[in-house]
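Chemist: I'm passing along run_30.txt; it holds compact mmCIF, C-alpha atoms and all ligand atoms.
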```
# COMPACT_ATOMS: atom_id res chain seq x y z
CA MET A 1 69.49 -17.05 11.43
CA ILE A 2 71.69 -13.92 11.33
CA GLU A 3 74.28 -13.83 8.53
CA HIS A 4 77.73 -12.16 8.62
CA SER A 5 76.03 -9.03 7.28
CA GLY A 6 74.09 -8.92 10.52
CA LEU A 7 70.85 -9.12 8.60
CA PRO A 8 68.22 -11.81 9.19
CA ARG A 9 67.13 -13.97 6.28
CA LEU A 10 63.62 -13.33 4.99
CA SER A 11 61.90 -15.38 2.28
CA ILE A 12 59.21 -13.65 0.22
CA ALA A 13 56.96 -15.29 -2.36
CA SER A 14 54.09 -14.04 -4.50
CA LEU A 15 51.00 -15.94 -5.58
CA GLY A 16 49.19 -13.26 -7.62
CA GLY A 17 46.18 -11.11 -6.71
CA THR A 18 45.59 -7.36 -6.97
CA VAL A 19 49.00 -6.68 -5.43
CA SER A 20 50.46 -8.19 -8.63
CA MET A 21 47.94 -6.65 -11.03
CA GLN A 22 48.38 -3.93 -13.66
CA ALA A 23 46.34 -2.42 -16.46
CA GLY A 24 47.30 -3.23 -20.04
CA ALA A 25 48.18 -6.82 -19.26
CA GLY A 26 46.44 -8.44 -22.22
CA GLY A 27 42.81 -7.29 -22.01
CA PRO A 28 40.42 -4.94 -20.23
CA GLY A 29 40.84 -4.21 -16.55
CA VAL A 30 43.77 -5.08 -14.33
CA ARG A 31 45.19 -8.61 -14.38
CA PRO A 32 47.95 -10.49 -12.55
CA SER A 33 51.27 -9.64 -14.18
CA LEU A 34 53.98 -8.62 -11.67
CA SER A 35 56.53 -11.14 -10.44
CA CYS A 36 57.66 -11.07 -6.84
CA GLU A 37 60.91 -9.32 -7.87
CA GLN A 38 58.84 -6.63 -9.62
CA GLN A 39 56.67 -6.14 -6.55
CA LEU A 40 59.84 -5.51 -4.56
CA PHE A 41 61.01 -2.66 -6.84
CA GLN A 42 58.75 -0.24 -5.00
CA VAL A 43 60.01 -1.32 -1.57
CA PRO A 44 63.81 -0.84 -1.74
CA GLN A 45 63.98 -0.63 2.09
CA LEU A 46 63.42 -4.39 2.26
CA ARG A 47 66.96 -5.11 1.08
CA GLU A 48 68.34 -2.99 3.93
CA MET A 49 66.26 -4.91 6.48
CA ALA A 50 67.02 -8.49 5.51
CA LEU A 51 68.81 -10.86 3.15
CA LEU A 52 65.99 -11.74 0.81
CA ASN A 53 65.19 -14.95 -0.96
CA VAL A 54 62.47 -14.16 -3.50
CA ALA A 55 60.18 -16.50 -5.45
CA SER A 56 57.17 -16.13 -7.76
CA LEU A 57 55.23 -19.29 -6.97
CA CYS A 58 52.15 -18.56 -9.08
CA LEU A 59 50.33 -15.63 -10.68
CA VAL A 60 46.59 -16.09 -10.23
CA PRO A 61 43.59 -14.24 -8.82
CA SER A 62 43.04 -15.66 -5.36
CA ALA A 63 39.62 -17.14 -6.15
CA SER A 64 41.51 -19.56 -8.41
CA LEU A 65 43.88 -20.79 -5.71
CA GLY A 66 43.10 -24.21 -4.23
CA PHE A 67 44.22 -26.74 -1.65
CA ALA A 68 46.76 -28.44 -3.96
CA PRO A 69 48.67 -25.23 -4.85
CA LEU A 70 48.53 -24.17 -1.21
CA LEU A 71 50.17 -27.42 -0.16
CA ASP A 72 52.96 -26.62 -2.66
CA VAL A 73 53.27 -23.12 -1.19
CA LEU A 74 53.44 -24.63 2.29
CA ALA A 75 56.19 -27.05 1.19
CA TRP A 76 58.20 -24.11 -0.21
CA ALA A 77 57.74 -22.05 2.97
CA ARG A 78 58.67 -24.99 5.22
CA ARG A 79 61.85 -25.57 3.19
CA GLU A 80 62.80 -21.92 3.53
CA VAL A 81 62.54 -22.06 7.32
CA GLU A 82 64.35 -25.40 7.48
CA ARG A 83 67.19 -23.81 5.48
CA GLY A 84 67.48 -20.95 7.94
CA ALA A 85 64.95 -18.26 7.01
CA HIS A 86 63.96 -16.18 10.03
CA ALA A 87 60.45 -15.71 8.63
CA VAL A 88 58.36 -16.00 5.46
CA VAL A 89 56.13 -13.43 3.75
CA LEU A 90 53.54 -14.32 1.10
CA THR A 91 51.67 -11.89 -1.14
CA GLN A 92 48.37 -12.95 -2.72
CA GLY A 93 44.89 -11.77 -3.65
CA THR A 94 42.71 -10.57 -0.84
CA ASP A 95 39.52 -12.34 -1.95
CA SER A 96 40.40 -15.72 -0.42
CA LEU A 97 43.06 -14.51 2.04
CA GLU A 98 40.92 -15.32 5.08
CA GLU A 99 40.73 -18.95 3.92
CA THR A 100 44.30 -19.46 2.71
CA ALA A 101 45.71 -17.94 5.92
CA TYR A 102 43.65 -20.31 8.08
CA PHE A 103 44.55 -23.31 5.90
CA LEU A 104 48.28 -22.58 6.21
CA ASP A 105 47.97 -21.74 9.91
CA LEU A 106 46.52 -25.17 10.70
CA LEU A 107 49.60 -26.74 9.07
CA TRP A 108 52.38 -24.31 10.07
CA PRO A 109 54.60 -26.10 12.59
CA PHE A 110 57.20 -23.41 13.30
CA ASP A 111 57.65 -20.50 15.68
CA ALA A 112 58.97 -18.58 12.68
CA PRO A 113 56.26 -16.17 11.46
CA LEU A 114 54.44 -16.79 8.20
CA VAL A 115 52.97 -13.40 7.28
CA MET A 116 50.49 -12.89 4.47
CA THR A 117 49.46 -9.69 2.74
CA GLY A 118 47.92 -8.28 -0.43
CA ALA A 119 46.49 -5.04 -1.74
CA MET A 120 43.10 -3.46 -2.27
CA ARG A 121 44.42 -1.21 -5.08
CA SER A 122 46.36 -2.52 -8.05
CA ALA A 123 49.82 -1.34 -9.04
CA SER A 124 48.17 0.82 -11.73
CA GLN A 125 46.11 2.89 -9.26
CA PRO A 126 47.30 6.04 -7.51
CA GLY A 127 47.80 5.43 -3.79
CA ASN A 128 48.16 1.71 -4.30
CA ASP A 129 48.63 -0.03 -0.97
CA GLY A 130 50.66 -3.03 -2.13
CA PRO A 131 54.15 -1.64 -1.38
CA ALA A 132 53.12 -0.32 2.06
CA ASN A 133 51.46 -3.62 2.95
CA LEU A 134 54.49 -5.58 1.78
CA LEU A 135 56.82 -3.43 3.87
CA ALA A 136 54.54 -3.75 6.91
CA ALA A 137 54.32 -7.54 6.44
CA ALA A 138 58.13 -7.78 6.37
CA GLN A 139 58.38 -5.59 9.48
CA VAL A 140 55.92 -7.84 11.29
CA ALA A 141 57.77 -10.95 10.09
CA LEU A 142 61.03 -9.61 11.50
CA THR A 143 59.61 -8.46 14.86
CA GLN A 144 60.75 -10.86 17.57
CA SER A 145 57.35 -10.91 19.34
CA SER A 146 55.69 -12.19 16.15
CA ARG A 147 57.24 -15.61 16.79
CA GLY A 148 54.95 -18.41 17.95
CA ARG A 149 51.82 -16.77 16.53
CA GLY A 150 51.42 -18.97 13.46
CA VAL A 151 50.14 -17.34 10.30
CA LEU A 152 49.41 -13.61 10.49
CA VAL A 153 47.60 -11.39 8.00
CA VAL A 154 48.92 -7.83 7.70
CA MET A 155 46.75 -5.29 5.90
CA ASN A 156 46.45 -1.55 6.39
CA ASP A 157 48.98 -1.59 9.28
CA GLN A 158 46.87 -4.04 11.28
CA VAL A 159 47.92 -7.56 12.24
CA HIS A 160 45.18 -10.21 12.24
CA GLY A 161 45.18 -13.78 13.52
CA ALA A 162 44.37 -16.43 10.90
CA ALA A 163 41.37 -17.90 12.73
CA ARG A 164 39.42 -14.64 13.03
CA VAL A 165 40.40 -12.50 10.07
CA ARG A 166 37.87 -11.85 7.35
CA LYS A 167 37.52 -9.66 4.31
CA ALA A 168 34.57 -7.63 5.47
CA ALA A 169 34.30 -5.08 2.64
CA SER A 170 34.56 -5.63 -1.09
CA LEU A 171 36.57 -2.58 -2.17
CA ALA A 172 37.35 -0.43 0.88
CA MET A 173 40.97 0.10 1.92
CA GLU A 174 40.12 -0.98 5.48
CA ALA A 175 38.57 -4.22 4.21
CA PHE A 176 40.08 -6.61 6.77
CA LYS A 177 38.52 -7.10 10.20
CA SER A 178 38.65 -9.64 13.00
CA PRO A 179 35.02 -9.44 14.17
CA GLY A 180 34.50 -9.90 17.89
CA SER A 181 38.15 -9.74 18.90
CA GLY A 182 39.74 -7.06 16.71
CA PRO A 183 43.24 -7.34 15.26
CA VAL A 184 45.89 -9.05 17.40
CA GLY A 185 48.25 -6.14 16.88
CA GLU A 186 49.29 -3.11 14.88
CA VAL A 187 52.34 -1.97 12.99
CA ILE A 188 53.79 1.03 14.80
CA GLU A 189 56.97 2.75 13.63
CA GLY A 190 58.13 -0.31 11.75
CA LEU A 191 57.47 -2.90 14.44
CA ALA A 192 54.55 -5.16 15.32
CA ALA A 193 52.94 -4.23 18.65
CA TYR A 194 50.70 -6.95 20.10
CA ARG A 195 47.83 -6.64 22.53
CA HIS A 196 48.30 -10.07 24.14
CA PRO A 197 50.91 -12.83 24.34
CA PRO A 198 50.48 -15.58 21.72
CA ASP A 199 47.78 -18.21 22.29
CA ARG A 200 48.73 -21.88 22.53
CA ARG A 201 48.60 -23.33 19.01
CA GLU A 202 47.45 -26.76 17.80
CA VAL A 203 48.82 -27.84 14.44
CA LEU A 204 47.74 -30.67 12.18
CA PRO A 205 50.08 -33.01 10.30
CA LEU A 206 50.09 -32.83 6.51
CA PRO A 207 46.99 -34.47 5.05
CA GLY A 208 47.50 -38.07 3.96
CA ARG A 209 44.86 -37.64 1.26
CA THR A 210 43.49 -34.70 -0.72
CA ASP A 211 40.56 -36.11 -2.69
CA GLN A 212 37.96 -35.48 0.02
CA ARG A 213 35.28 -32.89 -0.66
CA VAL A 214 33.39 -30.81 1.90
CA ALA A 215 30.22 -28.94 0.88
CA LEU A 216 29.28 -25.49 2.16
CA LEU A 217 25.65 -24.35 1.89
CA GLU A 218 24.00 -21.23 3.26
CA ALA A 219 20.62 -21.40 4.99
CA CYS A 220 18.26 -18.75 3.66
CA LEU A 221 14.62 -17.83 3.78
CA ASP A 222 12.26 -20.33 2.11
CA ALA A 223 15.13 -22.53 0.83
CA ASP A 224 14.02 -26.00 -0.30
CA THR A 225 16.01 -29.09 0.67
CA ALA A 226 16.97 -30.30 -2.83
CA LEU A 227 20.64 -29.22 -2.70
CA LEU A 228 20.96 -30.38 0.90
CA GLN A 229 19.66 -33.84 0.03
CA ALA A 230 21.97 -34.01 -3.00
CA VAL A 231 25.04 -33.68 -0.72
CA ALA A 232 24.64 -37.31 0.35
CA THR A 233 24.51 -38.63 -3.21
CA LEU A 234 27.30 -36.51 -4.72
CA GLY A 235 30.18 -38.04 -2.79
CA TYR A 236 30.82 -35.26 -0.29
CA GLU A 237 32.39 -36.48 2.95
CA GLY A 238 31.51 -33.50 5.12
CA LEU A 239 29.03 -30.64 5.22
CA VAL A 240 29.11 -27.10 6.60
CA ILE A 241 25.98 -24.98 6.89
CA ALA A 242 26.17 -21.19 7.17
CA GLY A 243 23.15 -21.04 9.45
CA PHE A 244 20.83 -18.22 10.45
CA GLY A 245 21.68 -16.16 13.55
CA ALA A 246 23.27 -18.22 16.32
CA GLY A 247 23.46 -21.32 14.12
CA HIS A 248 19.90 -22.16 13.11
CA VAL A 249 18.16 -23.78 10.13
CA SER A 250 14.52 -24.32 9.16
CA GLY A 251 12.57 -27.31 10.46
CA SER A 252 12.76 -29.02 7.05
CA TRP A 253 16.56 -28.55 6.85
CA SER A 254 16.86 -29.89 10.40
CA ASP A 255 15.08 -33.10 9.31
CA VAL A 256 17.57 -33.62 6.45
CA LEU A 257 20.57 -32.81 8.67
CA GLY A 258 19.25 -35.42 11.11
CA HIS A 259 19.62 -38.02 8.33
CA LEU A 260 23.03 -36.76 7.17
CA ALA A 261 24.77 -36.33 10.54
CA PRO A 262 25.08 -40.08 11.30
CA THR A 263 26.74 -40.58 7.88
CA MET A 264 29.20 -37.65 7.72
CA PRO A 265 30.51 -34.79 9.91
CA VAL A 266 28.10 -31.83 9.78
CA ILE A 267 28.91 -28.37 11.18
CA VAL A 268 26.42 -25.53 11.58
CA ALA A 269 28.06 -22.10 11.80
CA SER A 270 26.63 -18.59 11.88
CA ARG A 271 26.19 -16.66 8.66
CA THR A 272 26.12 -13.34 10.55
CA GLY A 273 29.87 -12.72 10.46
CA LYS A 274 30.27 -11.98 14.16
CA GLY A 275 29.79 -13.90 17.40
CA PRO A 276 29.59 -17.58 18.32
CA THR A 277 26.88 -20.13 17.64
CA ALA A 278 24.66 -20.89 20.64
CA ARG A 279 24.83 -24.21 22.50
CA ALA A 280 21.95 -24.26 24.95
CA THR A 281 19.55 -21.36 24.40
CA TYR A 282 16.96 -22.20 21.74
CA GLY A 283 14.79 -25.31 21.82
CA PHE A 284 12.85 -25.15 18.52
CA SER A 285 13.29 -27.57 15.63
CA GLY A 286 16.34 -26.36 13.66
CA ALA A 287 17.98 -24.60 16.64
CA GLU A 288 21.20 -25.62 18.34
CA ILE A 289 19.75 -27.96 21.00
CA ASP A 290 17.80 -29.92 18.37
CA LEU A 291 20.76 -29.96 15.95
CA GLN A 292 23.25 -31.18 18.57
CA GLN A 293 20.83 -33.94 19.60
CA LYS A 294 20.91 -35.04 15.96
CA GLY A 295 24.74 -35.24 15.97
CA VAL A 296 25.48 -31.89 14.34
CA CYS A 297 28.51 -29.93 15.65
CA MET A 298 28.07 -26.23 16.37
CA ALA A 299 30.90 -24.08 14.98
CA GLY A 300 31.43 -21.79 17.97
CA GLN A 301 33.44 -18.77 16.82
CA LEU A 302 34.59 -20.26 13.52
CA CYS A 303 33.02 -18.79 10.38
CA PRO A 304 31.49 -21.16 7.78
CA ARG A 305 34.36 -20.85 5.29
CA LYS A 306 37.01 -21.61 7.90
CA CYS A 307 34.87 -24.54 9.15
CA ARG A 308 35.06 -26.03 5.67
CA ILE A 309 38.87 -25.69 5.63
CA LEU A 310 39.13 -27.28 9.08
CA LEU A 311 36.86 -30.17 8.17
CA TRP A 312 38.72 -30.79 4.90
CA LEU A 313 42.01 -31.04 6.78
CA LEU A 314 40.56 -33.17 9.60
CA ILE A 315 39.17 -35.65 7.07
CA GLY A 316 42.49 -35.57 5.20
CA THR A 317 44.32 -36.52 8.41
CA ASP A 318 41.64 -38.99 9.55
CA ARG A 319 40.80 -36.84 12.57
CA GLN A 320 37.16 -36.04 11.79
CA HIS A 321 36.14 -37.70 15.07
CA ASP A 322 38.01 -34.93 16.95
CA LEU A 323 36.01 -32.24 15.17
CA GLN A 324 34.23 -30.79 18.22
CA ALA A 325 37.55 -30.27 20.05
CA TRP A 326 38.75 -28.08 17.15
CA LEU A 327 35.74 -25.77 17.23
CA PRO A 328 36.47 -22.80 19.54
CA THR A 329 33.55 -21.73 21.78
N1 LIG B 401 40.16 -8.69 -5.30
C1 LIG B 401 41.47 -9.06 -5.68
C2 LIG B 401 42.49 -8.79 -4.61
O1 LIG B 401 42.14 -8.03 -3.73
C3 LIG B 401 41.64 -10.22 -6.50
C4 LIG B 401 42.21 -11.45 -5.83
O2 LIG B 401 41.84 -11.78 -4.71
O3 LIG B 401 43.07 -12.07 -6.44
O4 LIG B 401 43.61 -9.21 -4.63
```
Rewrite the structure from the file as structure tokens, please.
Ligand code: DAS
Modeler:
Amino acid sequence: MIEHSGLPRLSIASLGGTVSMQAGAGGPGVRPSLSCEQQLFQVPQLREMALLNVASLCLVPSASLGFAPLLDVLAWARREVERGAHAVVLTQGTDSLEETAYFLDLLWPFDAPLVMTGAMRSASQPGNDGPANLLAAAQVALTQSSRGRGVLVVMNDQVHGAARVRKAASLAMEAFKSPGSGPVGEVIEGLAAYRHPPDRREVLPLPGRTDQRVALLEACLDADTALLQAVATLGYEGLVIAGFGAGHVSGSWSDVLGHLAPTMPVIVASRTGKGPTARATYGFSGAEIDLQQKGVCMAGQLCPRKCRILLWLLIGTDRQHDLQAWLPT
């Protein structure tokens, strides 16, 4: 919506993370302390670009976010768009950004962009990237061709799609990558420039329940099956395995998965960080042909952490039987 001022309305909210962190905030090291308003002080251009509605929704490191607070964030963002916001920008910690972006993307029903960003350097460090990332996120949010692309992650002047983006380095400035496909676009002279038109999007309804739990375990050399077997007895309703290579587990894990798969949805993804799982190449016990015969779903391109988000939402909307259709090859 364009107001009399001629400026579009942009809603910005902060959740915490390094972008909100400063030294001297009650202990050693940097800690979350800046409100959303305070984060905006260093980006005065934003008020010339849009009529802003600003909110500090929480102030936590992103490892401490969860599905319940994210559903509250989603409700806030939906309300903003329903009341006429052209787009929404969220700032948060980068540690779980690849998961939160995918979670919100699966539930974001609008063409209006929801753009997420953060920072690799805190507000106390020279050359901190928070203000530049926030400005770039707003520029992407206000670019017309960003519409219809769901949730986008903007870091370091690159635009990433929610399904592929991952934090691929712990401390580097260029930490965010979309392995296999690359970013969907870049920020050039204040506008988002995209490589392709938007893909068709499928969106889920809001979950009817939120008490379901989905386990995520990583296959590794010489791992016993104790934790895997415990999944069945601990009340989990779904299981994701970060498998070796193209989606493989040991013979002993395959036996246990064969018992679990008839009782709950089981996904095997690749722990490598790039490329799809196989479907019809390897025939040994624990490889994809064996696992699929046992009722296990192969993750395709989706990484283990995003598989867990997807499965949690599918169970929450009673759509777990459609799981395979949601796993991109
Ligand atoms: N590593 C921090 C960040 O990049 C902490 C967090 O994710 O909250 O924001």
Chemist: List the spatial neighbours of Leu204 (chain A) as a compact mmCIF listing (two decimals) with C-alpha atoms, keeping the file's coordinate frame - criterion: any atom at most 8 Å away, all atoms listed in the file, same-chain residues fewer than 5 positions off excluded.
Modeler:
```txt
# COMPACT_ATOMS: atom_id res chain seq x y z
CA LEU A 106 46.52 -25.17 10.70
CA LEU A 107 49.60 -26.74 9.07
CA LEU A 313 42.01 -31.04 6.78
CA THR A 317 44.32 -36.52 8.41
```
Chemist: So that I can see what lies close to Asn53 (chain A), please list as a list in words the residues with an atom at most 12 Å from it, counting only C-alpha atoms and leaving out residues fewer than 4 positions away in the same chain.
Modeler: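 Once the nearby chain positions are removed, what remains is Pro8, Arg9, Leu10, Ser11, Ile12, Ala13, Ser14, Cys36, Glu37, Leu40, Leu46, Arg47, Trp76, Ala77, Arg79, Glu80, Val81, Arg83, Gly84, Ala85, His86, Ala87, Val88, Val89 and Leu90 of chain A.
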Chemist: Rank A:Phe110, A:Tyr194, A:Phe176, A:Trp253 by their smallest atom-to-atom distance to ligand LIG 401 (chain B), using all atoms listed in the file, and report the top residue only.
Modeler: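 That would be A:Phe176, the residue with the smallest distance to ligand LIG 401 (chain B).
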Chemist: Excluding same-chain residues fewer than 6 positions from Met173 (chain A), what lies within 10 Å of it counting all atoms listed in the file, as a list in words?
Modeler: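 The residues satisfying every condition are Ala119, Met120, Arg121, Asn128, Asp129, Met155 and Asn156 of chain A.
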Chemist: To one decimal in Å, tell me the separation between CA of Ile289 (chain A) and CA of Ser181 (chain A).
Modeler: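 The value is 26.0 Å.
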Chemist: Give the residue list for ligand LIG 401 (chain B) at 10 Å, counting all atoms listed in the file, as an NGL selection string, sorted by chain and then by residue number.
Modeler: :A and (15-21 or 30-32 or 59-65 or 91-97 or 117-122 or 130 or 167 or 170-171 or 173 or 175)
Chemist: Near region 224-234 of chain A, within 10 Å and counting all atoms listed in the file, which residues show up once chain neighbours fewer than 4 positions away are dropped, as a PyMOL selection string?
Modeler: chain A and resi 213-220+238-239+241+250+252-257+259-260+263-264
Chemist: Would you mind exporting C-alpha atoms of the selected residues as a PDB file, keeping the file's coordinate frame?
Modeler:
```pdb
ATOM      1  CA  ARG A 213      35.280 -32.890  -0.660  1.00  0.00           C
ATOM      2  CA  VAL A 214      33.390 -30.810   1.900  1.00  0.00           C
ATOM      3  CA  ALA A 215      30.220 -28.940   0.880  1.00  0.00           C
ATOM      4  CA  LEU A 216      29.280 -25.490   2.160  1.00  0.00           C
ATOM      5  CA  LEU A 217      25.650 -24.350   1.890  1.00  0.00           C
ATOM      6  CA  GLU A 218      24.000 -21.230   3.260  1.00  0.00           C
ATOM      7  CA  ALA A 219      20.620 -21.400   4.990  1.00  0.00           C
ATOM      8  CA  CYS A 220      18.260 -18.750   3.660  1.00  0.00           C
ATOM      9  CA  GLY A 238      31.510 -33.500   5.120  1.00  0.00           C
ATOM     10  CA  LEU A 239      29.030 -30.640   5.220  1.00  0.00           C
ATOM     11  CA  ILE A 241      25.980 -24.980   6.890  1.00  0.00           C
ATOM     12  CA  SER A 250      14.520 -24.320   9.160  1.00  0.00           C
ATOM     13  CA  SER A 252      12.760 -29.020   7.050  1.00  0.00           C
ATOM     14  CA  TRP A 253      16.560 -28.550   6.850  1.00  0.00           C
ATOM     15  CA  SER A 254      16.860 -29.890  10.400  1.00  0.00           C
ATOM     16  CA  ASP A 255      15.080 -33.100   9.310  1.00  0.00           C
ATOM     17  CA  VAL A 256      17.570 -33.620   6.450  1.00  0.00           C
ATOM     18  CA  LEU A 257      20.570 -32.810   8.670  1.00  0.00           C
ATOM     19  CA  HIS A 259      19.620 -38.020   8.330  1.00  0.00           C
ATOM     20  CA  LEU A 260      23.030 -36.760   7.170  1.00  0.00           C
ATOM     21  CA  THR A 263      26.740 -40.580   7.880  1.00  0.00           C
ATOM     22  CA  MET A 264      29.200 -37.650   7.720  1.00  0.00           C
TER      23      MET A 264
END
```
Chemist: Could you check the closest approach to Gly208 (chain A) for each of A:Asp318, A:Glu186, A:Glu174, A:Asp157 and tell me which residue wins, using all atoms listed in the file?
Modeler: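 Closest residue, counting all atoms listed in the file: A:Asp318.
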Chemist: I want to know what sits within 10 Å of region 269-278 of chain A, based on all atoms listed in the file, with residues of the same chain fewer than 4 positions away left out; could you give that as a PyMOL selection string?
Modeler: chain A and resi 164+166+168+178-181+218-220+240-248+282+287-289+297-307+328-329
Chemist: Pick the closest to Ala162 (chain A) from A:Leu71, A:Ile309, A:Val54, A:Ile315: which is it, counting all atoms listed in the file?
Modeler: A:Ile309
Chemist: Select, from A:Ala192, A:Ala123, A:Ala23, A:Leu104, the residue with the minimum atom-to-atom distance to Val151 (chain A), counting only C-alpha atoms.
Modeler: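 Closest to Val151 (chain A) of all the choices is A:Leu104.
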Chemist: Quick one: pull the distance between CA of Leu74 (chain A) and CA of Glu99 (chain A), Å, one decimal.
Modeler: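 Separation between CA of Leu74 (chain A) and CA of Glu99 (chain A): 14.0 Å.
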Chemist: One decimal, in Å: what's the spacing between CA of Leu311 (chain A) and CA of Ala261 (chain A)?
Modeler: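 CA of Ala261 (chain A) lies 13.8 Å from CA of Leu311 (chain A).
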Chemist: Once you count all atoms listed in the file, which residues end up no further than 9 Å from (35.6, -38.8, -4.4) in the file's frame, shown as a VMD selection string?
Modeler: chain A and resid 211 to 213 234 to 237
Chemist: Could you give me, as a PyMOL selection string, the residues that have an atom at most 12 Å away from the point (66.0, -3.8, 5.2) in the coordinates of the file, using only C-alpha atoms?
Modeler: chain A and resi 5-10+40+43-52+135-136+138-139+141-142+190
Chemist: Box time for region 308-320 of chain A: axis-aligned, enclosing all its listed atoms, 8 Å extra on each side; report centre and edge lengths in Å to one decimal, as lines of an AutoDock Vina configuration file.
Modeler:
```
center_x = 39.7
center_y = -32.3
center_z = 8.7
size_x = 25.3
size_y = 29.3
size_z = 23.7
```
Chemist: Determine the nearest neighbour of Trp108 (chain A) from the options A:Leu57, A:Leu152, A:Ala132, A:Ala137, counting all atoms listed in the file.
Modeler: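 Counting all atoms listed in the file, the residue closest to Trp108 (chain A) is A:Leu152.
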Chemist: With all atoms listed in the file as the atoms that count, which of A:Asp199, A:Asp322, A:Asp111, A:Asp222 lies nearest to Val184 (chain A)?
Modeler: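 Checking each of A:Asp199, A:Asp322, A:Asp111, A:Asp222 against Val184 (chain A), counting all atoms listed in the file, the winner is A:Asp199.
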